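What follows is one structure encoded as structure tokens, with my remarks underneath.
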Amino acid sequence: MKKVLLLFLFLTFSVDIMGTASAAPYEGYNYSFWGDTMTAPLPFLPDRLVDGNQLNIGPFKDPEDFTVTNDNEIYVVDTGNNRIVAMDANWKLIREITTFQNGDKEDVFNQPSGIFINDKQQMYIADTGSKRIIVLTLDGKFVREVGAPKSDVLREGFVYMPAKVVVDSADRIYVISTGGYDGIVQFSSGGTFTGFIGLSQVRFNPVDLFWKQISTKEQRSKMELFIPSEFSNVDIDQDGFLYATSAEEFGTPMRRLNPSGIDVLRREGYIPIAGDLHVGFNGSRMGPSKFISAAVEPNGIYSALDSTRGRIFTYDRDGNLLYQFGSIGEQFGNFNNPVEIDTMGDQMIVLDKGFRQLTVFKPTLYGKVVKEAAIATEEGDEKKATAAWEEARKLNNNLEIAYLGVGKTELREGNNVKAMENFKLGTHRNYYSRAFERFRKDYMWNHFGTIAVIILVVIAAIVVALRLRKPKTEEPGVIGTAWETIFHPFRGFWDVKYEQKGRVWLALVILLLLAVLSILKQQYSGIIFNLNVMVYDAKTMDAVKFVLVPFFLWCIANWSLTTLMDGEGKFKDIVTVTGYALVPLVLVQVPLIVLSNILTVKEASFHALLQNFAGIWFLWLIFVGMQTVHQYTIKKTVVTMGLTMVVIGIFLFIGLLFTALLQEMLAFGSTIYKEAMFRIGEG
């Protein structure tokens, strides 16, 4: 009996920690720095469902919005039934508001779709059908109403259909109007229209723009207009900043607007604040995530509801994705048509218009720990943050943000080396740069004498070497000619072509050396400048794709073209000249590796300057080399080099076409083989 009890307790505890798929009809996952999907424990599990039948008031009908007060009372906008339903923290009915006394008459709602309750315990209701904002007390007594905006600045054809509403601490009213792409409608505390804020930028497809330019006036009139995207919802934080969501497919689905309407949302996370990264474009749930609601907590953490796949994405103040959960489906915890989210304590509540109910989620141990860690980090409680992040990392080894949290704590405490280790493990370059800058400063201060002596010795050695260097009197040899081409390209390439001092084998050695150094650069460059798939992962195939293949494509394409344009250079000349022109790129690789390990993000321009200088030097050498071996004019050299790039593009296109055709042939052959084997088996 004891063994059975212990097994039951173990299984219960395990489910609470991990939030496994068996406890919820959706999977937990997160994204790595590189955008790869990684399995993660579930942060929330479905706890209960709440609908109108449970409250004995009849089913909800097309509910559009709800809000939670500071006293944990829940107010639902039951749009189809034209009523407001209030519940307490235990999900018991408090009241049902269907009518209110407006002056001398009894008034009713007309398709209300938004609600907000301010600190003065007043309800602001977006009465969409009547195009007004109604202000009531919590027990349903009429306070005032705010009608449609009136101003000369309103564009012609503007239609006011208030759908969502929030109010700041100064009683300024902000309204989302359905179909309005002018921005968020703003009213003063007295209800006077004061303008729009947060106007979205116009986004368009360049292809559509091209067709508009060449189309007739009648055709343009039938095309889709380029208009800004409209906001879908809005929430407000304790500092008065508006969190506005926009259900646009590509662009900025979440904004944090200051009083001037400027987006000040922090996007310091390693993935964009846009929901799912990997999306399909077929099936019933295709396309990118569409944020239709946001829930902001006092600690800076906010969540966004995706209507495309019914998922909730939670971010910290910096824009780091903490976790996600939820999905579209028919099981307990799934959604049909989610329209609104909000929080009540540590619970997450989702209003499902399709199922006409509220779904209440409770956090798992993993969800609690991650949130606690994010809050402690934001508040600067290093000890608590470190302990929480370490616990979160034990529950999920794939949680890269945990390394960021621990690293921030170590950085605040002055443990620069440990901070660098954590930032490197979590692939957080900017914070790694901050820790490294402090470490470098301390190291140079503590070892200033030694560093100064080394620098003086190196300078003295260079000076002595230059003084003792004997001037060359003989003609340069094979290797000397390759060196001469980078400083005296006209004379050097002339010797390569007409003095027969160029060697194909040396050009191929230079090419191979560049390929090897490229691999070493991937392996040993500092994390700040290393853009490979993994910092420690050196890919040999990259050297083939970005060094060897382009080299031979250039040589073959240039030879194919110049033979038809009276070029005097043979194929071996083109290979030799192109290989010799790579010398600056070879010379710069080791300095780039060294600089990548001693520079910070602020000093990245020096790294880029050296890299760009080598690239320009290479282009200059290959230009002079092509002109010299083919005996072209400057204009003809430029034209042939441009046409060479076109020929390379044709080669690539033919190669891709051939590969696709070969794949189709293999697939066809495989199908024939399987069919034949099936027929033989039947016989």
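Ordering of the structure tokens sets the chain letters (A, B, ...), residue numbers begin anew at 1 in every chain, and ligands are numbered from 1 in the order given.
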
Checklist line | Near-stretch 315-329 of chain A list (9 Å; only C-alpha atoms; drop same-chain fewer than 5 positions) as a PyMOL selection string | finding: chain A and resi 24-31+40-45+265-273+275+299-304+307-310+334-338+367+370-371+374-375+378+399+401

Generate a file of the selected residues that holds C-alpha atoms, formatted as a PDB file, in the first residue's frame.
```
ATOM      1  CA  ALA A  24      -3.057  19.116 -21.532  1.00  0.00           C
ATOM      2  CA  PRO A  25      -4.069  18.904 -25.205  1.00  0.00           C
ATOM      3  CA  TYR A  26      -1.091  20.965 -26.369  1.00  0.00           C
ATOM      4  CA  GLU A  27       2.681  20.702 -26.369  1.00  0.00           C
ATOM      5  CA  GLY A  28       5.171  22.912 -24.614  1.00  0.00           C
ATOM      6  CA  TYR A  29       8.029  24.380 -26.609  1.00  0.00           C
ATOM      7  CA  ASN A  30      10.316  27.371 -26.816  1.00  0.00           C
ATOM      8  CA  TYR A  31      12.782  28.766 -29.334  1.00  0.00           C
ATOM      9  CA  ALA A  40       9.819  22.697 -22.988  1.00  0.00           C
ATOM     10  CA  PRO A  41       7.620  21.891 -19.992  1.00  0.00           C
ATOM     11  CA  LEU A  42       4.138  23.366 -20.008  1.00  0.00           C
ATOM     12  CA  PRO A  43       3.828  26.607 -18.008  1.00  0.00           C
ATOM     13  CA  PHE A  44       0.026  26.394 -17.572  1.00  0.00           C
ATOM     14  CA  LEU A  45      -2.572  23.652 -17.361  1.00  0.00           C
ATOM     15  CA  LEU A 265       8.406  48.378 -26.762  1.00  0.00           C
ATOM     16  CA  ARG A 266      11.737  46.825 -25.839  1.00  0.00           C
ATOM     17  CA  ARG A 267      12.777  44.140 -28.309  1.00  0.00           C
ATOM     18  CA  GLU A 268      15.997  42.873 -26.797  1.00  0.00           C
ATOM     19  CA  GLY A 269      15.053  39.208 -27.030  1.00  0.00           C
ATOM     20  CA  TYR A 270      16.795  36.955 -29.521  1.00  0.00           C
ATOM     21  CA  ILE A 271      13.548  36.250 -31.404  1.00  0.00           C
ATOM     22  CA  PRO A 272      10.956  38.789 -32.574  1.00  0.00           C
ATOM     23  CA  ILE A 273       7.795  39.480 -30.588  1.00  0.00           C
ATOM     24  CA  GLY A 275       4.384  34.560 -31.819  1.00  0.00           C
ATOM     25  CA  ASN A 299       5.781  43.497 -13.067  1.00  0.00           C
ATOM     26  CA  GLY A 300       6.311  44.280 -16.758  1.00  0.00           C
ATOM     27  CA  ILE A 301       5.471  40.784 -17.971  1.00  0.00           C
ATOM     28  CA  TYR A 302       2.874  40.697 -20.726  1.00  0.00           C
ATOM     29  CA  SER A 303       1.091  38.009 -22.716  1.00  0.00           C
ATOM     30  CA  ALA A 304      -0.291  38.067 -26.252  1.00  0.00           C
ATOM     31  CA  SER A 307      -5.948  33.889 -32.912  1.00  0.00           C
ATOM     32  CA  THR A 308      -4.360  31.834 -35.698  1.00  0.00           C
ATOM     33  CA  ARG A 309      -3.426  28.817 -33.591  1.00  0.00           C
ATOM     34  CA  GLY A 310      -4.930  29.733 -30.225  1.00  0.00           C
ATOM     35  CA  ASN A 334      -8.423  23.906 -26.255  1.00  0.00           C
ATOM     36  CA  PHE A 335     -10.038  26.915 -27.900  1.00  0.00           C
ATOM     37  CA  ASN A 336     -12.403  27.409 -30.779  1.00  0.00           C
ATOM     38  CA  ASN A 337     -12.286  31.170 -31.271  1.00  0.00           C
ATOM     39  CA  PRO A 338     -10.325  32.866 -28.461  1.00  0.00           C
ATOM     40  CA  GLY A 367       5.539  28.349 -15.043  1.00  0.00           C
ATOM     41  CA  VAL A 370      10.158  31.075 -14.708  1.00  0.00           C
ATOM     42  CA  LYS A 371       7.834  33.943 -13.838  1.00  0.00           C
ATOM     43  CA  ALA A 374      11.829  37.068 -14.469  1.00  0.00           C
ATOM     44  CA  ILE A 375      10.242  39.258 -11.792  1.00  0.00           C
ATOM     45  CA  GLU A 378      13.509  42.908 -13.152  1.00  0.00           C
ATOM     46  CA  LEU A 399      15.776  27.452 -21.519  1.00  0.00           C
ATOM     47  CA  ILE A 401      16.845  32.806 -21.105  1.00  0.00           C
TER      48      ILE A 401
END
```

Item checked: Selection near stretch 503-517 of chain A, 12 Å with only C-alpha atoms, sequence-local residues under 6 positions removed, as a ChimeraX atom specification -> /A:477-483,493,495-497,523-525,538-552,570-593

Next item on the list: Can you work out which one of A:Val143, A:Phe291, A:Val279, A:Asn70 has the shortest atom-to-atom distance to A:Phe231, counting only C-alpha atoms?
Entry: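 Nearest candidate to A:Phe231 out of A:Val143, A:Phe291, A:Val279, A:Asn70: A:Phe291.
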
Next item on the list: as a PyMOL selection string, list the residues of stretch 317-553 of chain A assigned to strand (DSSP E) by DSSP on the backbone atoms of this structure.
Entry: chain A and resi 321-325+338-344+347-352+357-363

Check: Can you tell me, as a PyMOL selection string, what residues are no more than 12 Å from A:Gly191 when counting only C-alpha atoms, ignoring any on the same chain fewer than 5 positions away?
Finding: chain A and resi 124+132-135+144-150+167+171-175+185-186

Next item on the list: Calculate how many Å separate atom CA of A:Leu466 from atom CA of A:His488, rounding to one decimal.
Entry: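 The value is 19.9 Å.
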
Next item on the list: Name the residues in contact with A:Val85 at a cut-off of 10 Å, using only C-alpha atoms, excluding same-chain residues fewer than 2 positions from it; report them as a list of chain:residue names.
Entry: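 The filter keeps A:Gly52, A:Leu55, A:Ile57, A:Phe60, A:Phe66, A:Ile74, A:Tyr75, A:Val76, A:Val77, A:Asp78, A:Asn82, A:Arg83, A:Met87, A:Leu93, A:Ile94, A:Arg95, A:Glu96, A:Ile97, A:Thr98.
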
Check: Within 10 Å of A:Thr409, counting only C-alpha atoms, which residues qualify if same-chain residues fewer than 4 places away don't, as a VMD selection string?
Finding: chain A and resid 376 to 377 380 to 386 389 403 to 405 413 to 415 418 to 419

C-alpha atoms of the current selection, written as an mmCIF file, in the first residue's frame:
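Dumped to part.cif:
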```cif
data_model
loop_
_atom_site.group_PDB
_atom_site.id
_atom_site.type_symbol
_atom_site.label_atom_id
_atom_site.label_comp_id
_atom_site.auth_asym_id
_atom_site.auth_seq_id
_atom_site.Cartn_x
_atom_site.Cartn_y
_atom_site.Cartn_z
ATOM 1 C CA ALA A 376 13.230 38.934 -9.433
ATOM 2 C CA THR A 377 15.587 39.837 -12.290
ATOM 3 C CA GLY A 380 17.176 43.493 -9.071
ATOM 4 C CA ASP A 381 16.894 40.803 -6.390
ATOM 5 C CA GLU A 382 20.093 38.964 -7.412
ATOM 6 C CA LYS A 383 19.950 36.182 -4.852
ATOM 7 C CA LYS A 384 16.335 35.304 -5.519
ATOM 8 C CA ALA A 385 16.754 35.622 -9.292
ATOM 9 C CA THR A 386 19.783 33.338 -9.393
ATOM 10 C CA TRP A 389 16.788 30.726 -12.785
ATOM 11 C CA TYR A 403 21.454 31.632 -18.688
ATOM 12 C CA LEU A 404 20.646 35.267 -19.403
ATOM 13 C CA GLY A 405 19.001 35.668 -16.001
ATOM 14 C CA GLU A 413 27.602 41.332 -8.514
ATOM 15 C CA GLY A 414 30.783 42.006 -10.478
ATOM 16 C CA ASN A 415 31.504 38.360 -11.365
ATOM 17 C CA LYS A 418 30.957 33.830 -14.644
ATOM 18 C CA ALA A 419 28.648 36.302 -16.327
#
```

Item checked: Å distance separating atom CA of A:Ala274 from atom CA of A:Gly198, one decimal place ->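 Going from atom CA of A:Ala274 over to atom CA of A:Gly198 covers 18.3 Å.
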
Per residue of stretch 402-505 of chain A within 12 Å of stretch 626-647 of chain A, note the shortest atom pair and the distance in Å to one decimal, counting only C-alpha atoms, and order the rows by chain and increasing residue number, as JSON lines.
```
{"residue": "A:Thr485", "atom": "CA", "partner": "A:Thr628", "partner_atom": "CA", "distance": 11.7}
{"residue": "A:Pro489", "atom": "CA", "partner": "A:Thr628", "partner_atom": "CA", "distance": 9.2}
{"residue": "A:Phe490", "atom": "CA", "partner": "A:Thr628", "partner_atom": "CA", "distance": 7.1}
{"residue": "A:Arg491", "atom": "CA", "partner": "A:Thr628", "partner_atom": "CA", "distance": 9.3}
{"residue": "A:Gly492", "atom": "CA", "partner": "A:Thr628", "partner_atom": "CA", "distance": 9.7}
{"residue": "A:Phe493", "atom": "CA", "partner": "A:Thr628", "partner_atom": "CA", "distance": 6.5}
{"residue": "A:Trp494", "atom": "CA", "partner": "A:Thr628", "partner_atom": "CA", "distance": 6.4}
{"residue": "A:Asp495", "atom": "CA", "partner": "A:Thr628", "partner_atom": "CA", "distance": 10.0}
{"residue": "A:Val496", "atom": "CA", "partner": "A:Val629", "partner_atom": "CA", "distance": 8.5}
{"residue": "A:Lys497", "atom": "CA", "partner": "A:Val629", "partner_atom": "CA", "distance": 6.0}
{"residue": "A:Tyr498", "atom": "CA", "partner": "A:Val629", "partner_atom": "CA", "distance": 8.5}
{"residue": "A:Glu499", "atom": "CA", "partner": "A:Val629", "partner_atom": "CA", "distance": 11.6}
{"residue": "A:Gln500", "atom": "CA", "partner": "A:Val629", "partner_atom": "CA", "distance": 11.6}
{"residue": "A:Gly502", "atom": "CA", "partner": "A:Val629", "partner_atom": "CA", "distance": 11.4}
```

Output of the above residues as a PDB file, in the first residue's frame, restricted to C-alpha atoms:
```pdb
ATOM      1  CA  THR A 485      50.517  41.505 -57.200  1.00  0.00           C
ATOM      2  CA  PRO A 489      48.918  44.714 -59.318  1.00  0.00           C
ATOM      3  CA  PHE A 490      49.540  46.035 -62.834  1.00  0.00           C
ATOM      4  CA  ARG A 491      53.191  44.951 -62.887  1.00  0.00           C
ATOM      5  CA  GLY A 492      52.487  41.757 -60.942  1.00  0.00           C
ATOM      6  CA  PHE A 493      49.685  40.514 -63.159  1.00  0.00           C
ATOM      7  CA  TRP A 494      51.709  41.457 -66.261  1.00  0.00           C
ATOM      8  CA  ASP A 495      54.471  39.167 -65.014  1.00  0.00           C
ATOM      9  CA  VAL A 496      51.901  36.450 -64.302  1.00  0.00           C
ATOM     10  CA  LYS A 497      50.573  36.570 -67.857  1.00  0.00           C
ATOM     11  CA  TYR A 498      53.459  37.577 -70.095  1.00  0.00           C
ATOM     12  CA  GLU A 499      56.563  36.690 -68.075  1.00  0.00           C
ATOM     13  CA  GLN A 500      55.088  33.270 -67.241  1.00  0.00           C
ATOM     14  CA  GLY A 502      52.210  32.702 -62.451  1.00  0.00           C
TER      15      GLY A 502
END
```

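Between A:Leu561 and the residues A:Ala387, A:Thr192, A:Ile648, A:Gly261, the shortest atom-to-atom distance, using only C-alpha atoms, involves A:Ile648.
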
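Nearest to A:Asp276 of all the residues A:Ile117, A:Val463, A:Ile622, A:Ile312 is A:Ile312, based on only C-alpha atoms.
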